[in-house]
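**Q** Here you go, my_file09.pdb (PDB, C-alpha atoms, pLDDT in the B column):
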```
ATOM      1  CA  MET A   1      93.749-152.465-137.482  1.00 42.00           C
ATOM      2  CA  THR A   2      96.541-149.945-138.026  1.00 49.00           C
ATOM      3  CA  ASP A   3      97.101-148.833-134.479  1.00 73.00           C
ATOM      4  CA  MET A   4      98.326-152.124-133.240  1.00 88.00           C
ATOM      5  CA  ARG A   5     101.279-151.601-130.916  1.00 95.00           C
ATOM      6  CA  THR A   6     104.498-153.117-132.239  1.00 96.00           C
ATOM      7  CA  ILE A   7     107.115-155.167-130.422  1.00 97.00           C
ATOM      8  CA  LEU A   8     110.501-156.244-131.680  1.00 98.00           C
ATOM      9  CA  LEU A   9     111.785-159.404-130.011  1.00 98.00           C
ATOM     10  CA  ALA A  10     115.557-159.883-130.298  1.00 97.00           C
ATOM     11  CA  GLU A  11     116.040-163.520-129.273  1.00 96.00           C
ATOM     12  CA  ASP A  12     118.196-166.281-130.751  1.00 94.00           C
ATOM     13  CA  ASP A  13     116.523-169.168-128.876  1.00 93.00           C
ATOM     14  CA  LYS A  14     113.765-170.345-131.238  1.00 94.00           C
ATOM     15  CA  SER A  15     111.608-172.024-128.578  1.00 93.00           C
ATOM     16  CA  ILE A  16     111.648-169.003-126.251  1.00 93.00           C
ATOM     17  CA  ALA A  17     111.007-166.677-129.204  1.00 96.00           C
ATOM     18  CA  PHE A  18     108.042-168.831-130.265  1.00 97.00           C
ATOM     19  CA  LEU A  19     106.466-168.828-126.776  1.00 96.00           C
ATOM     20  CA  ILE A  20     106.859-165.063-126.362  1.00 97.00           C
ATOM     21  CA  GLU A  21     105.617-164.391-129.891  1.00 97.00           C
ATOM     22  CA  GLN A  22     102.455-166.470-129.318  1.00 97.00           C
ATOM     23  CA  LYS A  23     101.741-164.771-125.985  1.00 96.00           C
ATOM     24  CA  MET A  24     102.125-161.250-127.421  1.00 96.00           C
ATOM     25  CA  ARG A  25     100.072-161.997-130.569  1.00 97.00           C
ATOM     26  CA  LEU A  26      97.231-163.430-128.460  1.00 96.00           C
ATOM     27  CA  ALA A  27      97.345-160.249-126.367  1.00 95.00           C
ATOM     28  CA  GLY A  28      96.841-158.193-129.535  1.00 95.00           C
ATOM     29  CA  TYR A  29     100.356-156.943-130.239  1.00 96.00           C
ATOM     30  CA  GLU A  30     102.138-157.014-133.570  1.00 96.00           C
ATOM     31  CA  ILE A  31     105.481-158.723-132.988  1.00 97.00           C
ATOM     32  CA  SER A  32     108.492-159.334-135.187  1.00 96.00           C
ATOM     33  CA  ILE A  33     111.538-161.414-134.328  1.00 97.00           C
ATOM     34  CA  ALA A  34     115.235-160.822-134.906  1.00 97.00           C
ATOM     35  CA  LYS A  35     117.435-163.918-134.463  1.00 96.00           C
ATOM     36  CA  ASP A  36     120.669-162.046-133.779  1.00 95.00           C
ATOM     37  CA  GLY A  37     121.980-158.627-132.846  1.00 94.00           C
ATOM     38  CA  GLU A  38     122.691-157.408-136.373  1.00 95.00           C
ATOM     39  CA  GLU A  39     119.202-158.382-137.515  1.00 96.00           C
ATOM     40  CA  ALA A  40     117.777-156.564-134.483  1.00 96.00           C
ATOM     41  CA  LEU A  41     119.639-153.337-135.303  1.00 94.00           C
ATOM     42  CA  GLU A  42     118.540-153.497-138.940  1.00 95.00           C
ATOM     43  CA  ALA A  43     114.923-154.065-137.870  1.00 96.00           C
ATOM     44  CA  LEU A  44     115.114-151.148-135.401  1.00 95.00           C
ATOM     45  CA  LYS A  45     116.366-148.816-138.130  1.00 92.00           C
ATOM     46  CA  ARG A  46     113.744-149.989-140.657  1.00 94.00           C
ATOM     47  CA  LYS A  47     110.758-149.523-138.360  1.00 94.00           C
ATOM     48  CA  VAL A  48     110.953-148.162-134.828  1.00 96.00           C
ATOM     49  CA  PRO A  49     108.906-150.478-132.582  1.00 97.00           C
ATOM     50  CA  ASP A  50     106.829-149.339-129.617  1.00 97.00           C
ATOM     51  CA  LEU A  51     108.845-151.706-127.394  1.00 97.00           C
ATOM     52  CA  LEU A  52     111.939-153.921-127.598  1.00 98.00           C
ATOM     53  CA  LEU A  53     112.232-157.287-125.834  1.00 97.00           C
ATOM     54  CA  LEU A  54     115.972-157.888-125.794  1.00 96.00           C
ATOM     55  CA  ASP A  55     118.095-160.963-125.158  1.00 94.00           C
ATOM     56  CA  ILE A  56     121.625-160.077-124.034  1.00 90.00           C
ATOM     57  CA  ASP A  57     123.657-163.049-125.228  1.00 88.00           C
ATOM     58  CA  MET A  58     123.103-163.232-128.998  1.00 90.00           C
ATOM     59  CA  PRO A  59     125.257-163.926-132.046  1.00 91.00           C
ATOM     60  CA  LYS A  60     126.788-161.116-134.170  1.00 94.00           C
ATOM     61  CA  LYS A  61     125.962-158.293-131.728  1.00 91.00           C
ATOM     62  CA  ASN A  62     124.988-158.680-128.093  1.00 90.00           C
ATOM     63  CA  GLY A  63     122.288-156.818-126.206  1.00 89.00           C
ATOM     64  CA  LEU A  64     124.732-154.359-124.714  1.00 88.00           C
ATOM     65  CA  GLU A  65     125.924-153.329-128.185  1.00 91.00           C
ATOM     66  CA  ILE A  66     122.316-152.895-129.284  1.00 93.00           C
ATOM     67  CA  LEU A  67     121.495-150.715-126.261  1.00 91.00           C
ATOM     68  CA  GLN A  68     124.577-148.567-126.871  1.00 90.00           C
ATOM     69  CA  ALA A  69     123.663-148.140-130.557  1.00 92.00           C
ATOM     70  CA  MET A  70     120.087-147.214-129.593  1.00 93.00           C
ATOM     71  CA  LYS A  71     121.295-144.501-127.201  1.00 89.00           C
ATOM     72  CA  LYS A  72     123.106-142.805-130.111  1.00 92.00           C
ATOM     73  CA  GLU A  73     119.976-142.632-132.310  1.00 91.00           C
ATOM     74  CA  ALA A  74     117.384-140.045-131.245  1.00 92.00           C
ATOM     75  CA  THR A  75     114.515-142.069-132.732  1.00 92.00           C
ATOM     76  CA  LEU A  76     115.576-145.233-130.873  1.00 93.00           C
ATOM     77  CA  ALA A  77     116.710-143.726-127.562  1.00 92.00           C
ATOM     78  CA  THR A  78     113.140-143.452-126.272  1.00 93.00           C
ATOM     79  CA  VAL A  79     112.011-147.006-127.145  1.00 95.00           C
ATOM     80  CA  PRO A  80     111.273-148.881-123.890  1.00 96.00           C
ATOM     81  CA  VAL A  81     113.498-151.961-123.519  1.00 96.00           C
ATOM     82  CA  ILE A  82     112.777-155.061-121.451  1.00 96.00           C
ATOM     83  CA  VAL A  83     115.692-157.476-121.102  1.00 94.00           C
ATOM     84  CA  ILE A  84     115.202-161.252-121.095  1.00 93.00           C
ATOM     85  CA  SER A  85     118.511-162.877-120.190  1.00 89.00           C
ATOM     86  CA  ASN A  86     120.091-166.112-118.951  1.00 86.00           C
ATOM     87  CA  SER A  87     122.121-164.152-116.437  1.00 80.00           C
ATOM     88  CA  GLY A  88     120.545-162.459-113.481  1.00 75.00           C
ATOM     89  CA  SER A  89     123.620-161.259-111.655  1.00 81.00           C
ATOM     90  CA  PRO A  90     122.760-158.174-109.581  1.00 83.00           C
ATOM     91  CA  ILE A  91     125.694-156.288-111.148  1.00 84.00           C
ATOM     92  CA  GLU A  92     124.418-157.011-114.667  1.00 82.00           C
ATOM     93  CA  VAL A  93     120.844-156.055-113.757  1.00 81.00           C
ATOM     94  CA  TYR A  94     122.084-152.800-112.191  1.00 84.00           C
ATOM     95  CA  HIS A  95     124.277-152.066-115.229  1.00 82.00           C
ATOM     96  CA  PHE A  96     121.373-152.495-117.655  1.00 84.00           C
ATOM     97  CA  GLN A  97     119.019-150.430-115.492  1.00 83.00           C
ATOM     98  CA  ASN A  98     121.591-147.634-115.664  1.00 83.00           C
ATOM     99  CA  LEU A  99     121.388-147.917-119.467  1.00 83.00           C
ATOM    100  CA  GLY A 100     117.652-147.217-119.254  1.00 86.00           C
ATOM    101  CA  VAL A 101     116.285-150.772-119.377  1.00 92.00           C
ATOM    102  CA  LYS A 102     112.722-150.720-117.964  1.00 93.00           C
ATOM    103  CA  ASP A 103     112.640-154.270-116.613  1.00 92.00           C
ATOM    104  CA  TYR A 104     114.727-157.432-116.467  1.00 92.00           C
ATOM    105  CA  PHE A 105     113.570-161.048-116.721  1.00 93.00           C
ATOM    106  CA  ILE A 106     115.660-164.185-116.221  1.00 90.00           C
ATOM    107  CA  LYS A 107     114.880-166.856-118.825  1.00 90.00           C
ATOM    108  CA  ALA A 108     114.941-169.771-116.373  1.00 89.00           C
ATOM    109  CA  GLU A 109     112.253-168.021-114.306  1.00 90.00           C
ATOM    110  CA  LEU A 110     110.336-166.450-117.190  1.00 91.00           C
ATOM    111  CA  ASP A 111     106.634-166.142-116.441  1.00 95.00           C
ATOM    112  CA  LEU A 112     104.838-165.120-119.633  1.00 96.00           C
ATOM    113  CA  GLU A 113     101.939-163.603-117.666  1.00 96.00           C
ATOM    114  CA  GLU A 114     104.360-161.378-115.716  1.00 96.00           C
ATOM    115  CA  LEU A 115     106.121-160.413-118.941  1.00 96.00           C
ATOM    116  CA  LEU A 116     102.772-159.499-120.506  1.00 96.00           C
ATOM    117  CA  LYS A 117     101.875-157.359-117.463  1.00 97.00           C
ATOM    118  CA  VAL A 118     105.109-155.389-117.857  1.00 96.00           C
ATOM    119  CA  VAL A 119     104.616-155.040-121.626  1.00 96.00           C
ATOM    120  CA  ARG A 120     101.089-153.708-121.000  1.00 96.00           C
ATOM    121  CA  LYS A 121     102.484-151.249-118.459  1.00 96.00           C
ATOM    122  CA  TYR A 122     104.535-149.630-121.228  1.00 94.00           C
ATOM    123  CA  LEU A 123     102.222-150.164-124.212  1.00 93.00           C
ATOM    124  CA  GLY A 124      98.754-150.112-122.702  1.00 78.00           C
TER     125      GLY A 124
END
```
Represent the structure of the file as structure tokens.
**A**
Amino acid sequence: MTDMRTILLAEDDKSIAFLIEQKMRLAGYEISIAKDGEEALEALKRKVPDLLLLDIDMPKKNGLEILQAMKKEATLATVPVIVISNSGSPIEVYHFQNLGVKDYFIKAELDLEELLKVVRKYLG
């Protein structure tokens, strides 16, 4: 199946990455994982995904740096981004929405079914 929609998950927490990866694979998406910000940027440049699930607080480069780098690249600027973060401060959420983030999930309250609904909204 070549028209499988692709997701890049940038997440340094192995257990959260595993749960999200399983959920997305079962839903029929092709998903790859980057364990830190630099790995995420390299993966984005190698193969543009259909959607990016992005942790904010990661080693090497944080989510904000990744979003800023994506805005500078025409091929990456249109990739829908969903943030999954430990912080849910209204100021941070507002800031990321202004950077074009489509949705924002807080890890402590992460509902995989809700996440899948939002992913389907952008990927079909």
**Q** Using only C-alpha atoms, determine which residues lie at most 9 Å from Leu99 in chain A, disregarding the query and same-chain residues fewer than 5 positions distant; provide the list as a VMD selection string.
**A** chain A and resid 64 67 to 68 71 94
**Q** Generate the output file for the selected residues, C-alpha atoms, as an mmCIF file, keeping the file's coordinate frame.
**A**
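What landed in selection27.cif:
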```
data_model
loop_
_atom_site.group_PDB
_atom_site.id
_atom_site.type_symbol
_atom_site.label_atom_id
_atom_site.label_comp_id
_atom_site.auth_asym_id
_atom_site.auth_seq_id
_atom_site.Cartn_x
_atom_site.Cartn_y
_atom_site.Cartn_z
ATOM 1 C CA LEU A 64 124.732 -154.359 -124.714
ATOM 2 C CA LEU A 67 121.495 -150.715 -126.261
ATOM 3 C CA GLN A 68 124.577 -148.567 -126.871
ATOM 4 C CA LYS A 71 121.295 -144.501 -127.201
ATOM 5 C CA TYR A 94 122.084 -152.800 -112.191
#
```
**Q** Using Å and a single decimal, report how far CA of Leu9 in chain A sits from CA of Ala40 in chain A.
**A** 8.0 Å
**Q** So which one's closest to Lys14 in chain A, A:Leu26, A:Ala43, A:Val48, A:Ala34? Using all atoms listed in the file, please.
**A**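 Of A:Leu26, A:Ala43, A:Val48, A:Ala34, the one nearest Lys14 in chain A, counting all atoms listed in the file, is A:Ala34.
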**Q** Expressed in Å to a single decimal, how great is the separation between CA of Glu42 in chain A and CA of Asp13 in chain A?
**A**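 The value is 18.7 Å.
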**Q** As a check of understanding, name the residues that the PyMOL selection byres ((chain A and resi 4) around 10) selects in the supplied structure, as a list in words.
**A** Met1, Thr2, Asp3, Arg5, Thr6, Ile7, Gly28, Tyr29, Glu30, Ile31 and Asp50 of chain A
**Q** Write the residues of the preceding selection, restricted to C-alpha atoms, as a PDB file, in the coordinates of the input.
**A**
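Full text of result-v5.pdb as output:
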```pdb
ATOM      1  CA  MET A   1      93.749-152.465-137.482  1.00 42.00           C
ATOM      2  CA  THR A   2      96.541-149.945-138.026  1.00 49.00           C
ATOM      3  CA  ASP A   3      97.101-148.833-134.479  1.00 73.00           C
ATOM      4  CA  ARG A   5     101.279-151.601-130.916  1.00 95.00           C
ATOM      5  CA  THR A   6     104.498-153.117-132.239  1.00 96.00           C
ATOM      6  CA  ILE A   7     107.115-155.167-130.422  1.00 97.00           C
ATOM      7  CA  GLY A  28      96.841-158.193-129.535  1.00 95.00           C
ATOM      8  CA  TYR A  29     100.356-156.943-130.239  1.00 96.00           C
ATOM      9  CA  GLU A  30     102.138-157.014-133.570  1.00 96.00           C
ATOM     10  CA  ILE A  31     105.481-158.723-132.988  1.00 97.00           C
ATOM     11  CA  ASP A  50     106.829-149.339-129.617  1.00 97.00           C
TER      12      ASP A  50
END
```
**Q** Please provide the set of residues having any atom within 12 Å of Lys117 in chain A, restricted to only C-alpha atoms, with same-chain residues fewer than 5 positions apart removed, written as a PyMOL selection string.
**A** chain A and resi 23-24+27+82+103+111-112+122-124
**Q** Using all atoms listed in the file, which of the listed residues (A:Asn86, A:Ala10, A:Phe105, A:Val79) sits closest to Leu53 in chain A?
**A**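 The shortest atom-to-atom distance to Leu53 in chain A comes from A:Ala10.
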**Q** Could you tell me, as a list of chain:residue names, exactly which residues end up selected when the PyMOL selection byres ((chain A and resi 102) around 12) is applied to this structure?
**A**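 So the PyMOL selection byres ((chain A and resi 102) around 12) ends up selecting A:Leu51, A:Leu52, A:Leu53, A:Leu54, A:Thr78, A:Val79, A:Pro80, A:Val81, A:Ile82, A:Val83, A:Ile84, A:Val93, A:Tyr94, A:His95, A:Phe96, A:Gln97, A:Asn98, A:Leu99, A:Gly100, A:Val101, A:Asp103, A:Tyr104, A:Phe105, A:Leu115, A:Val118, A:Val119, A:Lys121, A:Tyr122.
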**Q** What's around Glu38 in chain A at 7 Å? Count all atoms listed in the file, leave out sequence neighbours fewer than 3 positions away in its own chain, and write the answer as a PyMOL selection string.
**A** chain A and resi 41-42+60-61
**Q** Out of A:Glu11, A:Glu21, A:Glu113, A:Glu73, which residue has the shortest atom-to-atom distance to Leu44 in chain A when counting all atoms listed in the file?
**A**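 With all atoms listed in the file as the atom set, the closest residue is A:Glu73.
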**Q** At what distance in Å, to one decimal, does CA of Glu65 in chain A lie from CA of Asp36 in chain A?
**A**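 Pair CA of Asp36 in chain A / CA of Glu65 in chain A returns 11.6 Å.
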**Q** Could you check which of A:Thr75, A:Pro90, A:Pro59, A:Leu110 is closest to Lys45 in chain A, using only C-alpha atoms?
**A**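 Result for the nearest residue to Lys45 in chain A: A:Thr75.
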**Q** Of the candidates A:Ala69, A:Ile91, A:Ile20, A:Ala74, which shows the shortest atom-to-atom distance to Ile33 in chain A, using only C-alpha atoms?
**A** A:Ile20
**Q** My list of candidates is A:Ser15, A:Ser32, A:Ser87, A:Gln22. Which is closest to Asp55 in chain A when distances are computed with only C-alpha atoms?
**A**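 Looking at the shortest contact to Asp55 in chain A, the residue is A:Ser87.
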**Q** Got a moment to write range 56-78 of chain A out with N, CA and C atoms, as a CSV table (one decimal), in the first residue's frame?
**A**
```csv
chain,number,residue,atom,x,y,z
A,56,ILE,N,7.3,19.4,22.8
A,56,ILE,CA,8.0,20.7,22.9
A,56,ILE,C,9.4,20.6,23.6
A,57,ASP,N,9.4,19.9,24.7
A,57,ASP,CA,10.6,19.8,25.6
A,57,ASP,C,11.4,18.5,25.2
A,58,MET,N,12.3,18.7,24.3
A,58,MET,CA,13.1,17.6,23.8
A,58,MET,C,14.6,18.0,23.9
A,59,PRO,N,15.5,16.9,23.9
A,59,PRO,CA,16.9,17.2,23.9
A,59,PRO,C,17.4,17.7,22.5
A,60,LYS,N,18.5,18.4,22.5
A,60,LYS,CA,19.2,18.9,21.3
A,60,LYS,C,18.5,20.1,20.6
A,61,LYS,N,17.2,19.9,20.2
A,61,LYS,CA,16.5,21.1,19.7
A,61,LYS,C,15.1,20.9,20.3
A,62,ASN,N,14.4,22.0,20.7
A,62,ASN,CA,13.1,21.9,21.3
A,62,ASN,C,12.0,22.1,20.2
A,63,GLY,N,10.8,21.9,20.5
A,63,GLY,CA,9.7,22.0,19.6
A,63,GLY,C,9.6,23.4,18.9
A,64,LEU,N,9.9,24.4,19.7
A,64,LEU,CA,9.8,25.7,19.2
A,64,LEU,C,10.8,25.9,18.1
A,65,GLU,N,12.1,25.4,18.3
A,65,GLU,CA,13.1,25.5,17.3
A,65,GLU,C,12.7,24.8,16.0
A,66,ILE,N,12.1,23.6,16.2
A,66,ILE,CA,11.6,22.8,15.0
A,66,ILE,C,10.6,23.6,14.2
A,67,LEU,N,9.6,24.2,15.0
A,67,LEU,CA,8.5,24.9,14.3
A,67,LEU,C,9.1,26.1,13.5
A,68,GLN,N,10.1,26.8,14.1
A,68,GLN,CA,10.7,28.0,13.5
A,68,GLN,C,11.5,27.5,12.2
A,69,ALA,N,12.2,26.4,12.3
A,69,ALA,CA,12.9,25.9,11.1
A,69,ALA,C,11.9,25.5,10.0
A,70,MET,N,10.8,24.9,10.4
A,70,MET,CA,9.8,24.5,9.4
A,70,MET,C,9.2,25.7,8.7
A,71,LYS,N,9.0,26.7,9.4
A,71,LYS,CA,8.4,27.9,8.8
A,71,LYS,C,9.3,28.5,7.7
A,72,LYS,N,10.6,28.3,7.8
A,72,LYS,CA,11.6,28.8,6.8
A,72,LYS,C,11.7,27.9,5.5
A,73,GLU,N,11.2,26.7,5.6
A,73,GLU,CA,11.3,25.8,4.5
A,73,GLU,C,9.9,25.7,3.8
A,74,ALA,N,9.8,26.0,2.5
A,74,ALA,CA,8.5,26.0,1.9
A,74,ALA,C,7.9,24.6,1.9
A,75,THR,N,8.7,23.6,1.7
A,75,THR,CA,8.1,22.2,1.7
A,75,THR,C,7.6,21.8,3.1
A,76,LEU,N,8.1,22.4,4.2
A,76,LEU,CA,7.7,22.0,5.5
A,76,LEU,C,6.7,22.9,6.1
A,77,ALA,N,6.6,24.1,5.6
A,77,ALA,CA,5.7,25.1,6.2
A,77,ALA,C,4.2,24.7,6.2
A,78,THR,N,3.9,23.8,5.3
A,78,THR,CA,2.4,23.5,5.2
A,78,THR,C,2.1,22.2,5.9
```
